[in-house]
Each structure stands twice: as C-alpha cells, then as structure tokens.
$ cat model.pdb   # PDB, C-alpha atoms and all ligand atoms
ATOM      1  CA  MET A   1      16.893  26.256 -24.797  1.00  0.00           C
ATOM      2  CA  ILE A   2      14.139  28.784 -25.466  1.00  0.00           C
ATOM      3  CA  SER A   3      15.129  31.649 -27.702  1.00  0.00           C
ATOM      4  CA  VAL A   4      13.308  34.833 -28.689  1.00  0.00           C
ATOM      5  CA  ASN A   5      14.243  38.323 -29.913  1.00  0.00           C
ATOM      6  CA  ASN A   6      15.682  37.308 -33.261  1.00  0.00           C
ATOM      7  CA  GLY A   7      17.450  34.277 -31.965  1.00  0.00           C
ATOM      8  CA  LYS A   8      18.945  35.945 -28.908  1.00  0.00           C
ATOM      9  CA  HIS A   9      18.775  33.733 -25.883  1.00  0.00           C
ATOM     10  CA  LEU A  10      16.730  34.939 -22.984  1.00  0.00           C
ATOM     11  CA  PRO A  11      18.782  35.808 -19.942  1.00  0.00           C
ATOM     12  CA  GLU A  12      18.766  32.984 -17.412  1.00  0.00           C
ATOM     13  CA  VAL A  13      16.385  34.824 -15.114  1.00  0.00           C
ATOM     14  CA  TYR A  14      13.638  34.988 -17.757  1.00  0.00           C
ATOM     15  CA  LEU A  15      13.976  31.306 -18.440  1.00  0.00           C
ATOM     16  CA  CYS A  16      13.411  30.736 -14.743  1.00  0.00           C
ATOM     17  CA  ILE A  17      10.238  32.801 -14.814  1.00  0.00           C
ATOM     18  CA  MET A  18       8.815  30.706 -17.632  1.00  0.00           C
ATOM     19  CA  ASP A  19       9.684  27.477 -15.865  1.00  0.00           C
ATOM     20  CA  PHE A  20       8.114  28.841 -12.749  1.00  0.00           C
ATOM     21  CA  LEU A  21       4.729  29.366 -14.430  1.00  0.00           C
ATOM     22  CA  GLU A  22       4.827  25.797 -15.606  1.00  0.00           C
ATOM     23  CA  LEU A  23       5.573  24.681 -12.064  1.00  0.00           C
ATOM     24  CA  VAL A  24       2.674  26.751 -10.734  1.00  0.00           C
ATOM     25  CA  ASN A  25       0.378  25.161 -13.276  1.00  0.00           C
ATOM     26  CA  THR A  26       1.548  21.709 -12.347  1.00  0.00           C
ATOM     27  CA  ARG A  27       0.922  22.143  -8.618  1.00  0.00           C
ATOM     28  CA  GLN A  28      -2.588  21.075  -7.801  1.00  0.00           C
ATOM     29  CA  SER A  29      -4.449  19.798  -4.799  1.00  0.00           C
ATOM     30  CA  CYS A  30      -3.847  16.070  -4.811  1.00  0.00           C
ATOM     31  CA  ARG A  31      -6.691  14.115  -3.201  1.00  0.00           C
ATOM     32  CA  SER A  32      -5.755  10.626  -4.307  1.00  0.00           C
ATOM     33  CA  TYR A  33      -2.473   9.074  -3.253  1.00  0.00           C
ATOM     34  CA  ASN A  34      -0.661   5.840  -3.816  1.00  0.00           C
ATOM     35  CA  PRO A  35      -0.481   4.614  -0.199  1.00  0.00           C
ATOM     36  CA  ALA A  36       2.088   1.941  -1.032  1.00  0.00           C
ATOM     37  CA  GLN A  37       4.686   4.386  -2.328  1.00  0.00           C
ATOM     38  CA  THR A  38       6.636   5.844   0.563  1.00  0.00           C
ATOM     39  CA  VAL A  39       8.002   9.351   0.399  1.00  0.00           C
ATOM     40  CA  GLU A  40      11.765   9.778   0.647  1.00  0.00           C
ATOM     41  CA  MET A  41      12.608  11.896   3.676  1.00  0.00           C
ATOM     42  CA  GLU A  42      15.263  13.849   1.758  1.00  0.00           C
ATOM     43  CA  LYS A  43      12.448  15.116  -0.471  1.00  0.00           C
ATOM     44  CA  ILE A  44      10.474  16.244   2.569  1.00  0.00           C
ATOM     45  CA  GLU A  45      13.623  17.925   3.898  1.00  0.00           C
ATOM     46  CA  ARG A  46      13.978  19.896   0.645  1.00  0.00           C
ATOM     47  CA  CYS A  47      10.334  20.978   0.903  1.00  0.00           C
ATOM     48  CA  ILE A  48      10.973  22.148   4.462  1.00  0.00           C
ATOM     49  CA  GLU A  49      14.055  24.002   3.234  1.00  0.00           C
ATOM     50  CA  ALA A  50      11.959  25.778   0.587  1.00  0.00           C
ATOM     51  CA  ALA A  51       9.495  26.764   3.321  1.00  0.00           C
ATOM     52  CA  ARG A  52      12.307  27.864   5.631  1.00  0.00           C
ATOM     53  CA  LEU A  53      13.585  30.260   2.965  1.00  0.00           C
ATOM     54  CA  ALA A  54      10.184  31.920   2.510  1.00  0.00           C
ATOM     55  CA  PRO A  55       9.825  35.641   3.170  1.00  0.00           C
ATOM     56  CA  SER A  56       7.951  36.854   6.236  1.00  0.00           C
ATOM     57  CA  ALA A  57       6.989  40.197   7.724  1.00  0.00           C
ATOM     58  CA  CYS A  58       9.989  41.570   9.656  1.00  0.00           C
ATOM     59  CA  ASN A  59      11.633  38.226   8.919  1.00  0.00           C
ATOM     60  CA  ALA A  60       9.729  36.826  11.902  1.00  0.00           C
ATOM     61  CA  GLN A  61       9.494  33.285  10.446  1.00  0.00           C
ATOM     62  CA  PRO A  62       6.503  32.453  12.629  1.00  0.00           C
ATOM     63  CA  TRP A  63       6.150  28.798  11.707  1.00  0.00           C
ATOM     64  CA  LYS A  64       6.964  25.267  12.685  1.00  0.00           C
ATOM     65  CA  PHE A  65       6.466  22.213  10.490  1.00  0.00           C
ATOM     66  CA  ILE A  66       5.698  18.905  12.188  1.00  0.00           C
ATOM     67  CA  VAL A  67       6.295  16.003   9.820  1.00  0.00           C
ATOM     68  CA  VAL A  68       4.033  13.099  10.736  1.00  0.00           C
ATOM     69  CA  ASP A  69       5.184   9.878   9.098  1.00  0.00           C
ATOM     70  CA  GLU A  70       5.014   7.346  11.925  1.00  0.00           C
ATOM     71  CA  PRO A  71       2.187   5.119  10.551  1.00  0.00           C
ATOM     72  CA  GLU A  72       0.045   4.764  13.700  1.00  0.00           C
ATOM     73  CA  LEU A  73       0.305   8.439  14.612  1.00  0.00           C
ATOM     74  CA  LYS A  74      -0.287   9.462  11.009  1.00  0.00           C
ATOM     75  CA  LYS A  75      -3.467   7.377  10.979  1.00  0.00           C
ATOM     76  CA  LYS A  76      -4.740   9.254  14.035  1.00  0.00           C
ATOM     77  CA  VAL A  77      -3.901  12.675  12.586  1.00  0.00           C
ATOM     78  CA  ALA A  78      -5.551  11.643   9.298  1.00  0.00           C
ATOM     79  CA  ARG A  79      -8.689  10.712  11.239  1.00  0.00           C
ATOM     80  CA  ALA A  80      -8.687  14.148  12.880  1.00  0.00           C
ATOM     81  CA  ALA A  81      -8.507  15.749   9.427  1.00  0.00           C
ATOM     82  CA  ASP A  82     -11.251  13.571   7.957  1.00  0.00           C
ATOM     83  CA  ALA A  83     -14.544  15.475   8.043  1.00  0.00           C
ATOM     84  CA  SER A  84     -16.654  12.463   7.009  1.00  0.00           C
ATOM     85  CA  LEU A  85     -19.984  14.272   7.314  1.00  0.00           C
ATOM     86  CA  LEU A  86     -18.906  16.785   4.713  1.00  0.00           C
ATOM     87  CA  GLY A  87     -17.038  14.190   2.700  1.00  0.00           C
ATOM     88  CA  MET A  88     -13.884  16.260   3.056  1.00  0.00           C
ATOM     89  CA  ASN A  89     -10.300  15.188   3.526  1.00  0.00           C
ATOM     90  CA  ARG A  90     -10.982  11.453   3.468  1.00  0.00           C
ATOM     91  CA  PHE A  91      -7.930  11.051   1.247  1.00  0.00           C
ATOM     92  CA  THR A  92      -5.672  11.817   4.221  1.00  0.00           C
ATOM     93  CA  LYS A  93      -5.796   8.133   5.183  1.00  0.00           C
ATOM     94  CA  ASP A  94      -3.865   7.256   2.005  1.00  0.00           C
ATOM     95  CA  SER A  95      -1.374  10.078   2.221  1.00  0.00           C
ATOM     96  CA  PRO A  96       1.856   8.604   3.666  1.00  0.00           C
ATOM     97  CA  VAL A  97       2.959  11.902   5.213  1.00  0.00           C
ATOM     98  CA  LEU A  98       1.032  14.720   6.848  1.00  0.00           C
ATOM     99  CA  VAL A  99       2.766  17.969   7.718  1.00  0.00           C
ATOM    100  CA  VAL A 100       1.122  20.027  10.418  1.00  0.00           C
ATOM    101  CA  VAL A 101       1.948  23.719  10.274  1.00  0.00           C
ATOM    102  CA  VAL A 102       1.950  25.575  13.563  1.00  0.00           C
ATOM    103  CA  ARG A 103       1.822  29.369  13.683  1.00  0.00           C
ATOM    104  CA  GLU A 104       4.529  30.488  16.056  1.00  0.00           C
ATOM    105  CA  SER A 105       4.717  33.754  17.911  1.00  0.00           C
ATOM    106  CA  ALA A 106       6.085  36.550  15.700  1.00  0.00           C
ATOM    107  CA  ASN A 107       8.889  38.920  16.690  1.00  0.00           C
ATOM    108  CA  LEU A 108       8.162  42.278  18.291  1.00  0.00           C
ATOM    109  CA  THR A 109       8.267  44.362  15.096  1.00  0.00           C
ATOM    110  CA  SER A 110       5.905  42.049  13.250  1.00  0.00           C
ATOM    111  CA  LYS A 111       3.542  42.019  16.235  1.00  0.00           C
ATOM    112  CA  LEU A 112       3.652  45.797  16.366  1.00  0.00           C
ATOM    113  CA  GLY A 113       2.960  45.983  12.626  1.00  0.00           C
ATOM    114  CA  THR A 114       0.009  43.613  12.971  1.00  0.00           C
ATOM    115  CA  LEU A 115      -1.389  45.817  15.699  1.00  0.00           C
ATOM    116  CA  LEU A 116      -0.784  49.202  14.089  1.00  0.00           C
ATOM    117  CA  LYS A 117      -1.763  48.216  10.570  1.00  0.00           C
ATOM    118  CA  ASP A 118      -4.483  45.746  11.528  1.00  0.00           C
ATOM    119  CA  LYS A 119      -3.060  43.069   9.275  1.00  0.00           C
ATOM    120  CA  PRO A 120      -2.461  39.444  10.316  1.00  0.00           C
ATOM    121  CA  TYR A 121       1.129  39.250   9.062  1.00  0.00           C
ATOM    122  CA  PRO A 122       1.936  35.867  10.657  1.00  0.00           C
ATOM    123  CA  LEU A 123      -1.022  34.240   8.905  1.00  0.00           C
ATOM    124  CA  MET A 124       0.178  35.645   5.599  1.00  0.00           C
ATOM    125  CA  ASP A 125       3.693  34.398   6.377  1.00  0.00           C
ATOM    126  CA  VAL A 126       2.472  30.872   7.084  1.00  0.00           C
ATOM    127  CA  GLY A 127       0.516  30.841   3.817  1.00  0.00           C
ATOM    128  CA  ILE A 128       3.548  31.869   1.796  1.00  0.00           C
ATOM    129  CA  ALA A 129       5.803  29.296   3.465  1.00  0.00           C
ATOM    130  CA  VAL A 130       3.232  26.556   2.889  1.00  0.00           C
ATOM    131  CA  GLU A 131       3.073  27.381  -0.804  1.00  0.00           C
ATOM    132  CA  HIS A 132       6.887  27.280  -0.994  1.00  0.00           C
ATOM    133  CA  PHE A 133       6.668  23.795   0.516  1.00  0.00           C
ATOM    134  CA  CYS A 134       4.055  22.682  -1.998  1.00  0.00           C
ATOM    135  CA  LEU A 135       5.912  24.055  -5.017  1.00  0.00           C
ATOM    136  CA  GLN A 136       9.086  22.254  -3.991  1.00  0.00           C
ATOM    137  CA  ALA A 137       7.040  19.094  -3.493  1.00  0.00           C
ATOM    138  CA  THR A 138       5.755  19.483  -7.063  1.00  0.00           C
ATOM    139  CA  CYS A 139       9.376  19.730  -8.245  1.00  0.00           C
ATOM    140  CA  GLU A 140      10.049  16.479  -6.414  1.00  0.00           C
ATOM    141  CA  GLY A 141       7.181  14.722  -8.223  1.00  0.00           C
ATOM    142  CA  LEU A 142       5.069  14.687  -5.072  1.00  0.00           C
ATOM    143  CA  GLY A 143       1.421  15.579  -4.692  1.00  0.00           C
ATOM    144  CA  THR A 144       0.203  17.831  -1.890  1.00  0.00           C
ATOM    145  CA  CYS A 145      -3.044  19.205  -0.578  1.00  0.00           C
ATOM    146  CA  ILE A 146      -3.241  22.131   1.807  1.00  0.00           C
ATOM    147  CA  MET A 147      -5.978  21.590   4.383  1.00  0.00           C
ATOM    148  CA  GLY A 148      -7.510  24.141   6.670  1.00  0.00           C
ATOM    149  CA  TRP A 149     -10.483  22.029   7.718  1.00  0.00           C
ATOM    150  CA  PHE A 150      -9.629  19.600  10.507  1.00  0.00           C
ATOM    151  CA  ASP A 151     -10.156  18.961  14.194  1.00  0.00           C
ATOM    152  CA  GLU A 152      -7.462  21.319  15.431  1.00  0.00           C
ATOM    153  CA  LYS A 153      -7.918  20.465  19.105  1.00  0.00           C
ATOM    154  CA  LYS A 154      -7.450  16.751  18.397  1.00  0.00           C
ATOM    155  CA  VAL A 155      -4.409  17.351  16.175  1.00  0.00           C
ATOM    156  CA  LYS A 156      -2.810  19.521  18.862  1.00  0.00           C
ATOM    157  CA  GLU A 157      -3.431  16.859  21.495  1.00  0.00           C
ATOM    158  CA  LEU A 158      -1.949  14.120  19.308  1.00  0.00           C
ATOM    159  CA  LEU A 159       1.221  16.082  18.593  1.00  0.00           C
ATOM    160  CA  GLY A 160       1.715  17.812  21.915  1.00  0.00           C
ATOM    161  CA  ILE A 161       1.247  21.273  20.456  1.00  0.00           C
ATOM    162  CA  PRO A 162       0.851  23.817  23.264  1.00  0.00           C
ATOM    163  CA  VAL A 163      -2.770  24.818  23.846  1.00  0.00           C
ATOM    164  CA  LYS A 164      -2.071  28.501  23.143  1.00  0.00           C
ATOM    165  CA  LYS A 165      -0.592  27.865  19.708  1.00  0.00           C
ATOM    166  CA  ARG A 166      -2.580  27.450  16.503  1.00  0.00           C
ATOM    167  CA  ALA A 167      -2.190  24.540  14.109  1.00  0.00           C
ATOM    168  CA  GLU A 168      -3.216  26.523  11.038  1.00  0.00           C
ATOM    169  CA  LEU A 169      -2.837  24.062   8.213  1.00  0.00           C
ATOM    170  CA  ILE A 170      -2.071  20.465   7.381  1.00  0.00           C
ATOM    171  CA  ILE A 171      -0.316  19.517   4.156  1.00  0.00           C
ATOM    172  CA  SER A 172      -0.866  15.990   2.871  1.00  0.00           C
ATOM    173  CA  VAL A 173       2.139  14.676   0.957  1.00  0.00           C
ATOM    174  CA  GLY A 174       2.513  11.576  -1.169  1.00  0.00           C
ATOM    175  CA  TYR A 175       2.891  10.210  -4.649  1.00  0.00           C
ATOM    176  CA  PRO A 176      -0.234  10.975  -6.679  1.00  0.00           C
ATOM    177  CA  ALA A 177      -2.328   7.986  -7.753  1.00  0.00           C
ATOM    178  CA  SER A 178      -2.683   9.570 -11.182  1.00  0.00           C
ATOM    179  CA  ASP A 179      -0.404  11.821 -13.217  1.00  0.00           C
ATOM    180  CA  GLU A 180      -3.266  13.802 -14.744  1.00  0.00           C
ATOM    181  CA  ILE A 181      -2.865  17.570 -14.428  1.00  0.00           C
ATOM    182  CA  ARG A 182      -6.311  19.149 -14.224  1.00  0.00           C
ATOM    183  CA  LYS A 183      -7.175  22.391 -15.937  1.00  0.00           C
ATOM    184  CA  LYS A 184      -7.120  25.165 -13.360  1.00  0.00           C
ATOM    185  CA  ILE A 185     -10.436  26.745 -12.474  1.00  0.00           C
ATOM    186  CA  ARG A 186      -9.658  30.402 -11.879  1.00  0.00           C
ATOM    187  CA  LYS A 187     -11.276  33.807 -12.256  1.00  0.00           C
ATOM    188  CA  PRO A 188     -10.425  35.465 -15.570  1.00  0.00           C
ATOM    189  CA  VAL A 189      -7.460  37.805 -15.383  1.00  0.00           C
ATOM    190  CA  GLU A 190      -9.650  40.824 -16.252  1.00  0.00           C
ATOM    191  CA  GLU A 191     -11.508  40.266 -13.003  1.00  0.00           C
ATOM    192  CA  ILE A 192      -8.464  40.215 -10.767  1.00  0.00           C
ATOM    193  CA  ARG A 193      -6.080  42.690 -12.378  1.00  0.00           C
ATOM    194  CA  SER A 194      -6.246  46.371 -13.112  1.00  0.00           C
ATOM    195  CA  TYR A 195      -3.647  48.986 -13.922  1.00  0.00           C
ATOM    196  CA  ASN A 196      -3.172  52.251 -12.107  1.00  0.00           C
ATOM    197  CA  ALA A 197      -6.528  52.250 -10.280  1.00  0.00           C
ATOM    198  CA  TYR A 198      -8.855  49.833  -8.530  1.00  0.00           C
TER
HETATM  199  C1  LIG B 201      -5.874  27.831   3.202  1.00  0.00           C
HETATM  200  C2  LIG B 201      -6.369  26.679   2.379  1.00  0.00           C
HETATM  201  C3  LIG B 201      -7.181  25.707   2.966  1.00  0.00           C
HETATM  202  C4  LIG B 201      -7.623  24.612   2.226  1.00  0.00           C
HETATM  203  N1  LIG B 201      -8.336  23.606   2.842  1.00  0.00           N
HETATM  204  C5  LIG B 201      -8.673  22.497   2.149  1.00  0.00           C
HETATM  205  C6  LIG B 201      -9.268  21.383   2.821  1.00  0.00           C
HETATM  206  O1  LIG B 201      -9.509  21.377   4.032  1.00  0.00           O
HETATM  207  N2  LIG B 201      -9.576  20.288   2.067  1.00  0.00           N
HETATM  208  C7  LIG B 201      -9.310  20.223   0.716  1.00  0.00           C
HETATM  209  O2  LIG B 201      -9.606  19.203   0.109  1.00  0.00           O
HETATM  210  N3  LIG B 201      -8.710  21.262   0.063  1.00  0.00           N
HETATM  211  C8  LIG B 201      -8.389  22.387   0.749  1.00  0.00           C
HETATM  212  N4  LIG B 201      -7.724  23.411   0.118  1.00  0.00           N
HETATM  213  C9  LIG B 201      -7.402  23.301  -1.321  1.00  0.00           C
HETATM  214  C10 LIG B 201      -8.263  24.211  -2.192  1.00  0.00           C
HETATM  215  O3  LIG B 201      -9.562  23.691  -2.268  1.00  0.00           O
HETATM  216  C11 LIG B 201      -7.613  24.313  -3.580  1.00  0.00           C
HETATM  217  O4  LIG B 201      -6.337  24.896  -3.458  1.00  0.00           O
HETATM  218  C12 LIG B 201      -8.425  25.129  -4.589  1.00  0.00           C
HETATM  219  O5  LIG B 201      -9.673  24.562  -4.821  1.00  0.00           O
HETATM  220  C13 LIG B 201      -7.701  25.281  -5.936  1.00  0.00           C
HETATM  221  O6  LIG B 201      -7.410  24.028  -6.500  1.00  0.00           O
HETATM  222  P1  LIG B 201      -5.916  23.546  -6.805  1.00  0.00           P
HETATM  223  O7  LIG B 201      -5.147  23.583  -5.507  1.00  0.00           O
HETATM  224  O8  LIG B 201      -6.050  22.143  -7.324  1.00  0.00           O
HETATM  225  O9  LIG B 201      -5.320  24.466  -7.813  1.00  0.00           O
HETATM  226  C14 LIG B 201      -7.278  24.506   0.842  1.00  0.00           C
HETATM  227  C15 LIG B 201      -6.448  25.479   0.264  1.00  0.00           C
HETATM  228  C16 LIG B 201      -5.984  26.537   1.024  1.00  0.00           C
HETATM  229  C17 LIG B 201      -5.048  27.542   0.370  1.00  0.00           C
END

$ encode --input "model.pdb" --output "structure tokens"
Amino acid sequence: MISVNNGKHLPEVYLCIMDFLELVNTRQSCRSYNPAQTVEMEKIERCIEAARLAPSACNAQPWKFIVVDEPELKKKVARAADASLLGMNRFTKDSPVLVVVVRESANLTSKLGTLLKDKPYPLMDVGIAVEHFCLQATCEGLGTCIMGWFDEKKVKELLGIPVKKRAELIISVGYPASDEIRKKIRKPVEEIRSYNAY
C-alpha cells in the first residue's frame, strides 16, 4: 500500500487515481497480435460494459458495438480495414476480434445541443466510450488498436449496418504478440496546459 504524508495512508480514491495513470500509460495501440490465442468472450463483455457506462452528452448513449469474432466474417472485415497501399491496418488479419463501433442517433436534447452549440456531441461520446473499452481491455491483459481508417461502405455491407448510419471506428482486440510497453510520444505538458488563460 502506498503511503505519503508522514506515513498516513492515502484515501482509497487517491490510490485509484495513481493506478489509473499507470493504466493509461500501459494502454497503447497494439499492431501485432498472437493470432493463435483466442480472446475470452467474458473479457469482451467487460470491455463492452465499461463502454456502456461511459458518459455522453444528455446521456444519449449514441453507440452500438458489433463484436466480430466469427472467423470468416472477421477475415472479411479485416480485409476492409487493411489499407495495403498505405501499409496501414494490415495487423487486423491477426487480431482475433474486431469491434465495429456504430454512431447511433442521439436523443432530442443532444441533437438540439449539437445544433445550437455547433459541437458534434455524439462523435465525442463515441470517442469516450471507445477509450473506456480500450482501458478495460488493458486491464484484462488485452491489446487494442482504435482504427478510423477503413472501407466504411464495405464494413457496413458486411455487417448489415443501415446505409444512413456511420461506422465510426473499429477496435482490434487480441493478445499482444509482445509485452513491451513503448514510451509514449506526446507533446510536452507545457504545450498543452495553461492556467487561468489560454
Ligand atoms: C480516432 C482514432 C483513429 C485512429 N486510427 C488508426 C488507424 O486507422 N490505424 C492505426 O494503426 N492506428 C490508428 N489510431 C491509433 C493512433 O495512431 C494512436 O493512438 C496514436 O499514435 C498514439 O499511440 P498509442 O495509442 O500507442 O498511445 C487511431 C486512434 C484514434 C484515437
């Protein structure tokens, strides 16, 4: 147990915050999977639960998660995500599970807010829920990669997603081929944070 303040134990909530930073550091885009190691569906269910509990503007929850684990179908979705010319997302073929995230219609108040404030709340909501999913996956020892670059039309056709809806992201899920945690490449804090003014 971590202790500070002259030996006084930190309240439970602070301990959680420290653990959380470690979790955030551990999550990384995994682009190399062990294709032979199948992912337990109860782990996927817990990741979905973490996403389900995410906050959203006006609590609209404008998302649906399609878990693709049927091998033949998964192969086809992986092909639609593989942008060979750019050398992107080739790893999807080895990822045993792909989760396609559909942006659903928001409720009236969220729609109104989007309109009046000119802010795409549902897109923000989907992003937050996807990160909840990925953080839970990290807790489960799984690797994930969020992908925004894929043949959306093809993916929608394969999964029977209505034409009007958007498949915003795909999350690859599987056991990482390596347990190396890379150093994060991020802007320095001075560049992204200020106090009391821009
Ligand atoms: C909205 C979004 C779309 C992304 N699309 C892709 C993608 O199509 N292919 C890919 O390999 N990584 C993709 N990434 C992963 C980012 O490249 C990655 O998060 C970033 O470089 C930081 O690295 P890290 O996730 O390992 O910390 C995407 C991430 C986000 C949040």

$ atom_distance --input "model.pdb" --atom1 "atom O3 of ligand LIG 201 (chain B)" --atom2 "atom CA of Asp69 of chain A"
23.2 Å

$ residues_near_point --input "model.pdb" --point "(-5.3, 22.1, -13.3)" --cutoff "12 Å" --atoms "only C-alpha atoms" --output "ChimeraX atom specification"
/A:22-30,179-186

$ write_last_selection --input "model.pdb" --atoms "C-alpha atoms" --output "PDB file, in the frame of the given file"
ATOM      1  CA  GLU A  22       4.827  25.797 -15.606  1.00  0.00           C
ATOM      2  CA  LEU A  23       5.573  24.681 -12.064  1.00  0.00           C
ATOM      3  CA  VAL A  24       2.674  26.751 -10.734  1.00  0.00           C
ATOM      4  CA  ASN A  25       0.378  25.161 -13.276  1.00  0.00           C
ATOM      5  CA  THR A  26       1.548  21.709 -12.347  1.00  0.00           C
ATOM      6  CA  ARG A  27       0.922  22.143  -8.618  1.00  0.00           C
ATOM      7  CA  GLN A  28      -2.588  21.075  -7.801  1.00  0.00           C
ATOM      8  CA  SER A  29      -4.449  19.798  -4.799  1.00  0.00           C
ATOM      9  CA  CYS A  30      -3.847  16.070  -4.811  1.00  0.00           C
ATOM     10  CA  ASP A 179      -0.404  11.821 -13.217  1.00  0.00           C
ATOM     11  CA  GLU A 180      -3.266  13.802 -14.744  1.00  0.00           C
ATOM     12  CA  ILE A 181      -2.865  17.570 -14.428  1.00  0.00           C
ATOM     13  CA  ARG A 182      -6.311  19.149 -14.224  1.00  0.00           C
ATOM     14  CA  LYS A 183      -7.175  22.391 -15.937  1.00  0.00           C
ATOM     15  CA  LYS A 184      -7.120  25.165 -13.360  1.00  0.00           C
ATOM     16  CA  ILE A 185     -10.436  26.745 -12.474  1.00  0.00           C
ATOM     17  CA  ARG A 186      -9.658  30.402 -11.879  1.00  0.00           C
TER      18      ARG A 186
END

$ residues_near_point --input "model.pdb" --point "(-4.4, 15.1, 1.2)" --cutoff "10 Å" --atoms "all atoms listed in the file" --output "NGL selection string"
:A and (29-33 or 78 or 81-82 or 88-98 or 143-147 or 170-174 or 176)

$ residues_around --input "model.pdb" --residues "Pro162 of chain A" --least-positions-apart "6" --cutoff "12 Å" --atoms "only C-alpha atoms" --output "ChimeraX atom specification"
/A:102-105,152-156

$ axis_aligned_box --input "model.pdb" --around "ligand LIG 201 (chain B)" --padding-each-side "6 Å" --output "AutoDock Vina command-line options"
--center_x -7.4 --center_y 23.5 --center_z -1.9 --size_x 16.6 --size_y 20.6 --size_z 23.8

$ atom_distance --input "model.pdb" --atom1 "atom CA of Arg46 of chain A" --atom2 "atom CA of Val130 of chain A"
12.8 Å

$ resolve_selection --input "model.pdb" --expression "the PyMOL selection byres (((chain A and resi 133) around 7) and not hetatm)" --output "PyMOL selection string"
chain A and resi 47-48+50-51+129-132+134-137

$ atom_distance --input "model.pdb" --atom1 "atom CA of Val126 of chain A" --atom2 "atom CA of Gly87 of chain A"
26.0 Å

$ closest_residue --input "model.pdb" --among "A:Ala197, A:Ile128, A:Ile161, A:Ile192" --to "ligand LIG 201 (chain B)" --atoms "only C-alpha atoms and all ligand atoms"
A:Ile128

$ resolve_selection --input "model.pdb" --expression "the PyMOL selection byres (((chain A and resi 60) around 12) and not hetatm)" --output "PyMOL selection string"
chain A and resi 52-59+61-64+103-114+121-126+129

$ closest_residue --input "model.pdb" --among "A:Val100, A:Ala83, A:Glu191, A:Glu157" --to "ligand LIG 201 (chain B)" --atoms "all atoms listed in the file"
A:Ala83

$ closest_residue --input "model.pdb" --among "A:Lys187, A:Arg193, A:Lys74, A:Lys119" --to "ligand LIG 201 (chain B)" --atoms "all atoms listed in the file"
A:Lys187

$ resolve_selection --input "model.pdb" --expression "the PyMOL selection byres (((chain A and resi 38) around 8) and not hetatm)" --output "PDB file with C-alpha atoms, in the frame of the given file"
ATOM      1  CA  PRO A  35      -0.481   4.614  -0.199  1.00  0.00           C
ATOM      2  CA  ALA A  36       2.088   1.941  -1.032  1.00  0.00           C
ATOM      3  CA  GLN A  37       4.686   4.386  -2.328  1.00  0.00           C
ATOM      4  CA  VAL A  39       8.002   9.351   0.399  1.00  0.00           C
ATOM      5  CA  GLU A  40      11.765   9.778   0.647  1.00  0.00           C
ATOM      6  CA  PRO A  96       1.856   8.604   3.666  1.00  0.00           C
ATOM      7  CA  GLY A 174       2.513  11.576  -1.169  1.00  0.00           C
ATOM      8  CA  TYR A 175       2.891  10.210  -4.649  1.00  0.00           C
TER       9      TYR A 175
END

$ closest_residue --input "model.pdb" --among "A:Glu140, A:Glu49, A:Glu168, A:Asp118" --to "ligand LIG 201 (chain B)" --atoms "all atoms listed in the file"
A:Glu168

$ closest_residue --input "model.pdb" --among "A:Ala80, A:Leu169, A:Ile44, A:Leu142" --to "ligand LIG 201 (chain B)" --atoms "only C-alpha atoms and all ligand atoms"
A:Leu169

$ decode --input "model.pdb" --residues "segment 137-141 of chain A" --atoms "all heavy atoms" --output "tab-separated table (two decimals), in the first residue's frame"
chain	number	residue	atom	x	y	z
A	137	ALA	N	-9.93	-3.23	-21.64
A	137	ALA	CA	-9.20	-4.29	-22.34
A	137	ALA	C	-7.76	-4.37	-21.80
A	137	ALA	O	-7.24	-5.46	-21.59
A	137	ALA	CB	-9.19	-4.01	-23.85
A	138	THR	N	-7.16	-3.22	-21.55
A	138	THR	CA	-5.80	-3.20	-20.99
A	138	THR	C	-5.79	-3.89	-19.63
A	138	THR	O	-4.90	-4.68	-19.33
A	138	THR	CB	-5.30	-1.73	-20.85
A	138	THR	OG1	-5.42	-1.09	-22.12
A	138	THR	CG2	-3.86	-1.68	-20.40
A	139	CYS	N	-6.82	-3.61	-18.83
A	139	CYS	CA	-6.94	-4.27	-17.51
A	139	CYS	C	-7.05	-5.78	-17.66
A	139	CYS	O	-6.66	-6.53	-16.78
A	139	CYS	CB	-8.20	-3.80	-16.78
A	139	CYS	SG	-8.05	-2.16	-16.10
A	140	GLU	N	-7.61	-6.21	-18.76
A	140	GLU	CA	-7.82	-7.65	-18.99
A	140	GLU	C	-6.59	-8.30	-19.62
A	140	GLU	O	-6.62	-9.48	-19.97
A	140	GLU	CB	-9.02	-7.87	-19.95
A	140	GLU	CG	-10.32	-7.22	-19.52
A	140	GLU	CD	-11.05	-8.01	-18.43
A	140	GLU	OE1	-10.59	-9.11	-18.09
A	140	GLU	OE2	-12.06	-7.50	-17.93
A	141	GLY	N	-5.53	-7.51	-19.83
A	141	GLY	CA	-4.32	-8.05	-20.46
A	141	GLY	C	-4.42	-8.14	-21.96
A	141	GLY	O	-3.61	-8.81	-22.62
